[in-house]
file input.cif (mmCIF, C-alpha atoms (C1' of nucleotides))
data_model
loop_
_atom_site.label_atom_id
_atom_site.label_comp_id
_atom_site.auth_asym_id
_atom_site.auth_seq_id
_atom_site.Cartn_x
_atom_site.Cartn_y
_atom_site.Cartn_z
CA MET A 1173 61.35 38.52 98.62
CA SER A 1174 61.29 35.16 100.38
CA ASP A 1175 63.72 36.62 102.93
CA TYR A 1176 61.09 38.98 104.33
CA ASP A 1177 59.37 37.88 107.54
CA LEU A 1178 56.33 40.15 107.76
CA ALA A 1179 55.25 38.90 111.16
CA ALA A 1180 58.66 39.40 112.76
CA THR A 1181 59.08 42.79 111.12
CA LEU A 1182 55.64 44.26 111.82
CA ALA A 1183 55.16 42.83 115.32
CA SER A 1184 58.63 43.15 116.80
CA GLY A 1185 58.15 46.47 118.53
CA GLN A 1186 59.27 48.90 115.82
CA ALA A 1187 55.78 49.93 114.73
CA PHE A 1188 52.58 49.70 116.72
CA ARG A 1189 49.74 49.92 114.20
CA TRP A 1190 49.76 46.44 112.67
CA THR A 1191 47.30 43.68 113.52
CA GLN A 1192 47.13 40.19 112.12
CA LYS A 1193 43.87 39.06 110.53
CA GLY A 1194 44.11 35.54 109.19
CA ASP A 1195 47.15 35.39 106.92
CA SER A 1196 47.21 39.15 106.44
CA TRP A 1197 48.50 42.17 108.31
CA HIS A 1198 46.32 45.29 108.52
CA GLY A 1199 47.82 48.68 109.23
CA VAL A 1200 47.96 52.33 108.32
CA ILE A 1201 50.90 54.00 106.60
CA GLY A 1202 50.54 57.76 106.39
CA ARG A 1203 46.97 58.34 105.19
CA ARG A 1204 46.48 54.93 103.65
CA ALA A 1205 44.95 51.78 105.11
CA VAL A 1206 47.12 48.88 103.97
CA ARG A 1207 46.77 45.11 103.92
CA LEU A 1208 49.87 42.95 103.48
CA THR A 1209 49.86 39.22 102.83
CA PRO A 1210 52.86 36.94 102.54
CA VAL A 1211 52.76 34.95 99.29
CA THR A 1212 55.09 32.37 97.84
CA ASP A 1213 57.76 34.65 96.47
CA GLY A 1214 56.93 38.02 97.95
CA ILE A 1215 54.35 40.22 99.62
CA ARG A 1216 50.92 41.00 98.25
CA ALA A 1217 49.94 44.59 99.05
CA GLU A 1218 46.48 46.13 98.88
CA THR A 1219 45.24 49.57 99.84
CA ALA A 1220 41.71 50.49 100.83
CA ALA A 1221 41.77 53.43 98.40
CA PRO A 1222 43.27 53.04 94.92
CA VAL A 1223 46.88 54.11 94.36
CA THR A 1224 49.01 54.33 91.26
CA ASP A 1225 52.47 54.63 92.75
CA TRP A 1226 53.95 52.20 95.28
CA GLY A 1227 57.21 53.92 96.09
CA TRP A 1228 56.00 54.95 99.55
CA LEU A 1229 55.37 51.31 100.45
CA LYS A 1230 58.73 50.06 99.20
CA GLU A 1231 60.36 52.81 101.25
CA TYR A 1232 58.38 51.88 104.37
CA LEU A 1233 59.03 48.15 104.06
CA GLN A 1234 62.63 48.63 102.86
CA THR A 1235 62.14 45.86 100.32
CA ASP A 1236 65.15 46.94 98.26
CA VAL A 1237 67.54 46.31 101.13
CA ILE A 1238 69.69 43.26 100.52
CA LEU A 1239 69.49 41.56 103.88
CA GLN A 1240 72.45 39.26 103.33
CA GLN A 1241 74.78 42.24 102.93
CA ILE A 1242 73.64 43.57 106.31
CA LEU A 1243 73.98 40.26 108.12
CA GLU A 1244 77.52 39.86 106.83
CA THR A 1245 78.59 42.92 108.80
CA PHE A 1246 77.45 41.47 112.15
CA PRO A 1247 80.11 40.28 114.59
CA ASP A 1248 81.04 36.67 113.89
CA ASP A 1249 80.16 35.33 117.32
CA GLU A 1250 77.82 32.73 118.76
CA PRO A 1251 75.10 35.08 120.09
CA MET A 1252 74.73 36.84 116.74
CA ARG A 1253 74.76 33.52 114.88
CA MET A 1254 71.91 32.31 117.07
CA ALA A 1255 69.99 35.56 116.72
CA THR A 1256 70.26 35.61 112.92
CA ARG A 1257 69.22 31.97 112.76
CA ALA A 1258 66.20 32.68 114.94
CA CYS A 1259 65.12 35.86 113.14
CA ARG A 1260 65.42 35.07 109.43
CA GLY A 1261 63.73 37.74 107.34
CA LEU A 1262 63.46 40.32 110.10
CA ARG A 1263 63.92 43.83 108.71
CA LEU A 1264 64.00 47.41 109.90
CA LEU A 1265 61.15 49.59 108.65
CA ARG A 1266 61.52 53.21 107.58
CA GLN A 1267 58.75 55.06 109.37
CA ASP A 1268 57.40 58.58 109.53
CA PRO A 1269 59.48 60.53 112.08
CA TRP A 1270 56.59 62.18 113.90
CA GLU A 1271 54.55 59.00 114.28
CA CYS A 1272 57.65 57.11 115.41
CA LEU A 1273 58.68 59.81 117.89
CA ALA A 1274 55.21 60.19 119.38
CA SER A 1275 54.69 56.43 119.60
CA PHE A 1276 57.94 55.87 121.46
CA ILE A 1277 57.22 58.73 123.86
CA LEU A 1278 54.16 56.65 124.74
CA SER A 1279 56.23 53.47 125.03
CA SER A 1280 58.13 54.03 128.26
CA THR A 1281 57.65 51.25 130.83
CA LYS A 1282 54.84 49.73 128.78
CA GLN A 1283 54.64 46.31 127.20
CA ILE A 1284 54.37 46.21 123.42
CA VAL A 1285 50.76 45.01 123.51
CA GLN A 1286 49.87 47.98 125.68
CA ILE A 1287 51.74 50.45 123.50
CA ARG A 1288 49.65 49.20 120.58
CA GLN A 1289 46.48 49.81 122.57
CA ILE A 1290 47.48 53.34 123.54
CA VAL A 1291 48.53 54.25 119.99
CA ALA A 1292 45.27 52.85 118.61
CA SER A 1293 43.34 54.88 121.14
CA VAL A 1294 45.21 58.08 120.28
CA CYS A 1295 44.55 57.54 116.57
CA GLU A 1296 40.84 56.96 117.11
CA CYS A 1297 40.53 60.01 119.35
CA TYR A 1298 42.56 62.51 117.35
CA GLY A 1299 43.52 60.97 114.00
CA GLU A 1300 41.87 61.93 110.73
CA PRO A 1301 39.37 59.35 109.48
CA ILE A 1302 40.44 57.64 106.27
CA PRO A 1303 38.84 54.92 104.13
CA GLY A 1304 39.46 51.44 105.49
CA PHE A 1305 38.75 47.97 104.13
CA GLU A 1306 35.23 46.56 103.79
CA GLY A 1307 33.69 50.02 104.20
CA GLU A 1308 35.18 50.49 107.63
CA THR A 1309 36.82 53.68 108.82
CA ALA A 1310 40.50 53.76 109.64
CA PHE A 1311 42.45 56.57 111.26
CA ALA A 1312 45.65 58.32 110.35
CA PHE A 1313 48.14 59.04 113.12
CA PRO A 1314 47.25 62.47 114.56
CA THR A 1315 49.37 65.39 113.44
CA PRO A 1316 51.49 67.34 115.95
CA GLU A 1317 49.22 70.34 115.32
CA ARG A 1318 46.15 68.39 116.32
CA LEU A 1319 47.73 67.05 119.51
CA ALA A 1320 49.20 70.47 120.32
CA ALA A 1321 45.67 71.82 120.48
CA GLU A 1322 44.64 69.25 123.09
CA SER A 1323 44.86 69.44 126.87
CA GLU A 1324 46.73 67.20 129.27
CA PRO A 1325 43.57 65.78 130.90
CA GLY A 1326 42.23 65.04 127.43
CA LEU A 1327 45.30 63.04 126.51
CA ARG A 1328 45.26 61.20 129.83
CA ALA A 1329 41.85 59.88 128.86
CA CYS A 1330 43.67 57.80 126.22
CA LYS A 1331 45.30 55.79 129.04
CA MET A 1332 48.73 57.23 128.47
CA GLY A 1333 49.14 58.18 132.12
CA PHE A 1334 52.23 60.17 133.06
CA ARG A 1335 53.34 60.27 129.42
CA ALA A 1336 50.59 62.78 128.55
CA PRO A 1337 52.49 65.96 129.47
CA TYR A 1338 55.54 64.72 127.54
CA LEU A 1339 53.56 64.00 124.38
CA LEU A 1340 51.70 67.31 124.65
CA ALA A 1341 54.81 69.39 125.20
CA THR A 1342 56.69 67.67 122.37
CA ALA A 1343 53.72 68.04 120.01
CA ARG A 1344 53.65 71.78 120.76
CA ILE A 1345 57.36 72.21 120.09
CA VAL A 1346 57.14 70.29 116.80
CA ALA A 1347 53.95 72.09 115.75
CA SER A 1348 55.58 75.43 116.45
CA GLY A 1349 58.34 74.62 113.99
CA LYS A 1350 60.99 75.14 116.65
CA ILE A 1351 62.31 71.71 115.77
CA GLN A 1352 61.95 70.54 112.18
CA LEU A 1353 61.78 66.77 112.15
CA ASN A 1354 62.30 66.52 108.40
CA GLY A 1355 65.52 68.48 108.69
CA LEU A 1356 67.10 65.80 110.86
CA LYS A 1357 67.43 63.44 107.88
CA SER A 1358 70.40 65.34 106.54
CA VAL A 1359 72.42 66.10 109.67
CA PRO A 1360 75.01 63.95 111.47
CA LEU A 1361 73.80 61.29 113.89
CA GLU A 1362 75.02 63.13 116.98
CA THR A 1363 73.30 66.35 115.93
CA ALA A 1364 70.01 64.61 115.25
CA ARG A 1365 70.25 62.72 118.55
CA ALA A 1366 70.88 65.91 120.52
CA GLU A 1367 67.92 67.65 118.85
CA LEU A 1368 65.59 64.75 119.66
CA MET A 1369 66.85 64.51 123.25
CA SER A 1370 66.08 68.18 123.78
CA LEU A 1371 62.39 67.28 123.53
CA PRO A 1372 60.49 66.55 126.76
CA GLY A 1373 60.07 62.84 127.43
CA VAL A 1374 62.81 61.91 124.96
CA GLY A 1375 65.98 60.43 126.41
CA ARG A 1376 68.76 58.44 124.82
CA LYS A 1377 66.74 55.28 124.28
CA ILE A 1378 63.70 56.86 122.62
CA ALA A 1379 65.94 59.14 120.54
CA ASP A 1380 67.84 56.10 119.26
CA CYS A 1381 64.58 54.32 118.37
CA VAL A 1382 63.56 57.27 116.21
CA LEU A 1383 67.04 57.61 114.72
CA LEU A 1384 66.95 53.94 113.74
CA PHE A 1385 63.31 53.24 112.84
CA ALA A 1386 62.44 56.57 111.18
CA TYR A 1387 65.67 58.15 109.94
CA GLY A 1388 67.57 54.98 109.24
CA PHE A 1389 70.82 55.90 110.99
CA PRO A 1390 72.44 52.46 110.82
CA THR A 1391 74.50 52.71 114.02
CA ALA A 1392 71.75 54.00 116.31
CA PHE A 1393 71.44 51.34 119.01
CA PRO A 1394 68.46 51.65 121.38
CA VAL A 1395 69.29 50.10 124.76
CA ASP A 1396 66.22 49.04 126.70
CA VAL A 1397 65.74 46.44 129.44
CA TRP A 1398 65.70 43.59 126.91
CA ILE A 1399 68.94 44.67 125.28
CA LEU A 1400 70.60 45.14 128.66
CA ARG A 1401 69.55 41.60 129.52
CA ALA A 1402 70.80 40.32 126.17
CA LEU A 1403 74.20 41.96 126.52
CA ARG A 1404 74.62 40.75 130.10
CA GLN A 1405 73.55 37.17 129.43
CA LEU A 1406 75.16 36.67 126.06
CA TYR A 1407 78.35 38.70 126.33
CA PHE A 1408 79.14 39.22 130.05
CA PRO A 1409 77.61 36.23 131.85
CA ARG A 1410 80.22 36.09 134.61
CA ARG A 1411 80.51 39.80 135.37
CA ARG A 1412 78.01 42.39 136.41
CA PRO A 1413 78.71 45.35 134.16
CA ARG A 1414 76.81 48.58 134.70
CA PRO A 1415 74.51 49.85 131.96
CA SER A 1416 76.99 52.60 131.11
CA ARG A 1417 79.66 49.96 130.47
CA LEU A 1418 77.29 47.99 128.24
CA MET A 1419 76.39 51.16 126.33
CA ARG A 1420 80.05 51.77 125.65
CA PHE A 1421 80.50 48.16 124.52
CA SER A 1422 77.55 48.42 122.13
CA GLU A 1423 78.90 51.59 120.54
CA THR A 1424 81.89 49.85 119.05
CA TYR A 1425 81.28 46.12 119.04
CA PHE A 1426 78.39 45.60 116.63
CA GLY A 1427 79.78 47.34 113.56
CA PRO A 1428 78.33 49.56 110.82
CA ASN A 1429 74.83 48.06 111.10
CA ALA A 1430 74.67 47.92 114.87
CA GLY A 1431 71.04 49.03 114.81
CA TYR A 1432 70.08 45.99 112.77
CA ALA A 1433 72.06 43.76 115.11
CA GLN A 1434 70.21 45.33 118.02
CA GLN A 1435 66.82 44.48 116.50
CA TYR A 1436 67.92 40.90 115.95
CA LEU A 1437 69.07 40.58 119.58
CA PHE A 1438 65.85 42.20 120.79
CA HIS A 1439 63.60 39.88 118.80
CA TYR A 1440 65.71 36.86 119.66
CA MET A 1441 65.48 37.58 123.39
CA ARG A 1442 61.74 38.12 123.21
CA THR A 1443 61.02 34.91 121.34
CA VAL A 1444 63.47 32.02 121.50
CA ASN A 1445 65.41 33.09 124.54
CA SER A 1446 62.67 34.68 126.61
CA ARG A 1447 62.85 32.40 129.63
CA GLY A 1448 65.96 33.78 131.23
CA GLY A 1449 68.62 32.47 128.91
CA ALA A 1450 68.69 28.81 129.86
CA GLY A 1451 70.75 27.07 127.24
CA ALA A 1452 72.00 30.30 125.76
CA ALA A 1453 75.45 30.14 124.27
CA ARG A 1454 78.09 32.27 125.85
CA LEU A 1455 81.04 33.90 124.32
CA ASN A 1456 83.20 36.53 125.85
CA PRO A 1457 84.41 38.79 123.05
CA ALA A 1458 87.25 40.16 125.15
"C1'" DG B 66 48.78 41.56 146.13
"C1'" DC B 67 53.14 41.30 143.62
"C1'" DC B 68 56.38 42.37 139.89
"C1'" DC B 69 57.34 44.07 135.49
"C1'" DA B 70 56.86 46.71 131.18
"C1'" DG B 71 61.29 48.90 124.13
"C1'" DG B 72 62.27 55.29 130.24
"C1'" DT B 73 62.67 59.95 131.66
"C1'" DG B 74 63.57 63.73 134.67
"C1'" DA B 75 64.43 65.44 139.04
"C1'" DA B 76 66.26 65.09 143.50
"C1'" DG B 77 69.57 63.32 146.65
"C1'" DC B 78 74.23 62.06 147.75
"C1'" DG C 882 79.61 62.27 138.47
"C1'" DC C 883 76.76 58.61 140.20
"C1'" DT C 884 72.08 56.22 142.45
"C1'" DT C 885 67.20 56.48 143.73
"C1'" DC C 886 62.71 57.60 143.06
"C1'" DA C 887 57.96 59.02 141.19
"C1'" DC C 888 55.34 58.76 137.44
"C1'" DA C 889 49.89 55.70 135.42
"C1'" DT C 890 48.23 51.61 133.89
"C1'" DG C 891 47.56 46.85 132.68
"C1'" DG C 892 49.20 41.93 132.02
"C1'" DG C 893 50.91 37.69 133.90
#
call {"tool": "encode", "arguments": {"input": "input.cif", "output": "structure tokens"}}
result
Amino acid sequence: MSDYDLAATLASGQAFRWTQKGDSWHGVIGRRAVRLTPVTDGIRAETAAPVTDWGWLKEYLQTDVILQQILETFPDDEPMRMATRACRGLRLLRQDPWECLASFILSSTKQIVQIRQIVASVCECYGEPIPGFEGETAFAFPTPERLAAESEPGLRACKMGFRAPYLLATARIVASGKIQLNGLKSVPLETARAELMSLPGVGRKIADCVLLFAYGFPTAFPVDVWILRALRQLYFPRRRPRPSRLMRFSETYFGPNAGYAQQYLFHYMRTVNSRGGAGAARLNPA
DNA sequence: GCCCAGGTGAAGC
DNA sequence: GCTTCACATGGG
């Protein structure tokens, strides 16, 4: 598992509950506090409470995915070559749908560091206490039922601002059973996307994040400000295409694992290429 | 102070 | 069909 970059994977804006402590990454998966440490030929995993089965962790980390097979499906162009070179070992996680959905409702027009703060605050306020490391208490992500029982002013106290009514309303719909998140695993992409977008505070971008990071639909392609910038700078440097044009481009250009390609472009833009694209290679695919 | 942040929904043309 | 705007809050 030497082709697994824990730092890139856990801190690249897919999940918001991981913090680095020394060489290790601390987080919570479901109801378990987890500590992950990169070692020579793999990842050392520890849980605060003893476990016998590790299937849930392999599923979350997607360790069985053969990365090389994914990368081979990317477009053979200069931007993707640079992105894959810059993001070796970056993977997509497979997260819990509710936690992913709720977290991304809280993500709109927030920086990743701030999303982490808000999510941490929500977990401490409403999440169930679970055993953590060194005798500390950790917190599970709050259930939709628990949040559904809250009030809007209560949620606003967690610094989520105008996102509070969206999270509350969506929690109530999910808690009521009107939309069954687990049922979306086995329906077509377009159906799942439409169901998610029917929820308050969930538009195309957030729906695609959940489709990609929780359900694993490989062609879901979240387009945020970073991806718009990436597509403009790397693929249309001389023109000024509208977002709708770039959306259409992204739906066909990046192939069967477009979602993976998206995460590579996103991480690439935010790290190597974050200062406005100076020195970025350009290639017009048309 | 200013601008921006893994957007969405509603109102105005 | 668009384009524009309000929405809270914090970081650089």
call {"tool": "residues_around", "arguments": {"input": "input.cif", "residues": "DG891 of chain C", "least_positions_apart": "6", "cutoff": "9 Å", "atoms": "only C-alpha atoms (C1' of nucleotides)", "output": "mmCIF file with C-alpha atoms, in the frame of the given file"}}
result
data_model
loop_
_atom_site.group_PDB
_atom_site.id
_atom_site.type_symbol
_atom_site.label_atom_id
_atom_site.label_comp_id
_atom_site.auth_asym_id
_atom_site.auth_seq_id
_atom_site.Cartn_x
_atom_site.Cartn_y
_atom_site.Cartn_z
ATOM 1 C CA LYS A 1282 54.840 49.730 128.780
ATOM 2 C CA GLN A 1283 54.640 46.310 127.200
ATOM 3 C CA GLN A 1286 49.870 47.980 125.680
#
call {"tool": "resolve_selection", "arguments": {"input": "input.cif", "expression": "the PyMOL selection byres ((chain A) within 10 of (chain B))", "output": "NGL selection string"}}
result
:A and (1184-1186 or 1276-1287 or 1335 or 1338 or 1372-1378 or 1381 or 1394-1399 or 1438)
call {"tool": "atom_distance", "arguments": {"input": "input.cif", "atom1": "atom CA of Val1237 of chain A", "atom2": "atom CA of Thr1224 of chain A"}}
result
22.5 Å
call {"tool": "resolve_selection", "arguments": {"input": "input.cif", "expression": "the PyMOL selection byres ((chain A) within 8 of (chain C))", "output": "number ranges by chain"}}
result
A: 1286, 1331-1334
call {"tool": "resolve_selection", "arguments": {"input": "input.cif", "expression": "the PyMOL selection byres ((chain A and resi 1347-1364) around 10)", "output": "NGL selection string"}}
result
:A and (1268-1270 or 1273 or 1315-1321 or 1341-1346 or 1365-1371 or 1379-1380 or 1382-1383 or 1386-1392)
call {"tool": "atom_distance", "arguments": {"input": "input.cif", "atom1": "atom CA of Ala1255 of chain A", "atom2": "atom CA of Tyr1436 of chain A"}}
result
5.8 Å
call {"tool": "atom_distance", "arguments": {"input": "input.cif", "atom1": "atom CA of Phe1305 of chain A", "atom2": "atom CA of Ile1215 of chain A"}}
result
18.0 Å
call {"tool": "residues_near_point", "arguments": {"input": "input.cif", "point": "(65.6, 40.5, 114.7)", "cutoff": "10 Å", "atoms": "all atoms listed in the file", "output": "list in words"}}
result
Asp1177, Ala1180, Thr1181, Ser1184, Ala1255, Thr1256, Arg1257, Ala1258, Cys1259, Arg1260, Gly1261, Leu1262, Arg1263, Leu1264, Tyr1432, Ala1433, Gln1434, Gln1435, Tyr1436, Leu1437, Phe1438, His1439, Tyr1440, Met1441, Arg1442 and Thr1443 of chain A
call {"tool": "residues_around", "arguments": {"input": "input.cif", "residues": "segment 1192-1198 of chain A", "least_positions_apart": "3", "cutoff": "7 Å", "atoms": "all atoms listed in the file", "output": "list in words"}}
result
Val1206, Arg1207, Leu1208 and Thr1209 of chain A
call {"tool": "axis_aligned_box", "arguments": {"input": "input.cif", "around": "segment 884-888 of chain C", "padding_each_side": "3 Å", "output": "JSON"}}
result
{"center_x": 63.7, "center_y": 57.6, "center_z": 140.6, "size_x": 22.7, "size_y": 8.8, "size_z": 12.3}
call {"tool": "residues_around", "arguments": {"input": "input.cif", "residues": "Thr1309 of chain A", "least_positions_apart": "4", "cutoff": "12 Å", "atoms": "only C-alpha atoms (C1' of nucleotides)", "output": "JSON, numbers by chain"}}
result
{"A": [1200, 1203, 1204, 1205, 1220, 1221, 1295, 1296, 1299, 1300, 1301, 1302, 1303, 1304, 1305]}
call {"tool": "write_last_selection", "arguments": {"input": "input.cif", "atoms": "C-alpha atoms", "output": "short mmCIF file (atom, residue, chain, number, x, y, z; two decimals), in the coordinates of the input"}}
result
data_model
loop_
_atom_site.label_atom_id
_atom_site.label_comp_id
_atom_site.auth_asym_id
_atom_site.auth_seq_id
_atom_site.Cartn_x
_atom_site.Cartn_y
_atom_site.Cartn_z
CA VAL A 1200 47.96 52.33 108.32
CA ARG A 1203 46.97 58.34 105.19
CA ARG A 1204 46.48 54.93 103.65
CA ALA A 1205 44.95 51.78 105.11
CA ALA A 1220 41.71 50.49 100.83
CA ALA A 1221 41.77 53.43 98.40
CA CYS A 1295 44.55 57.54 116.57
CA GLU A 1296 40.84 56.96 117.11
CA GLY A 1299 43.52 60.97 114.00
CA GLU A 1300 41.87 61.93 110.73
CA PRO A 1301 39.37 59.35 109.48
CA ILE A 1302 40.44 57.64 106.27
CA PRO A 1303 38.84 54.92 104.13
CA GLY A 1304 39.46 51.44 105.49
CA PHE A 1305 38.75 47.97 104.13
#
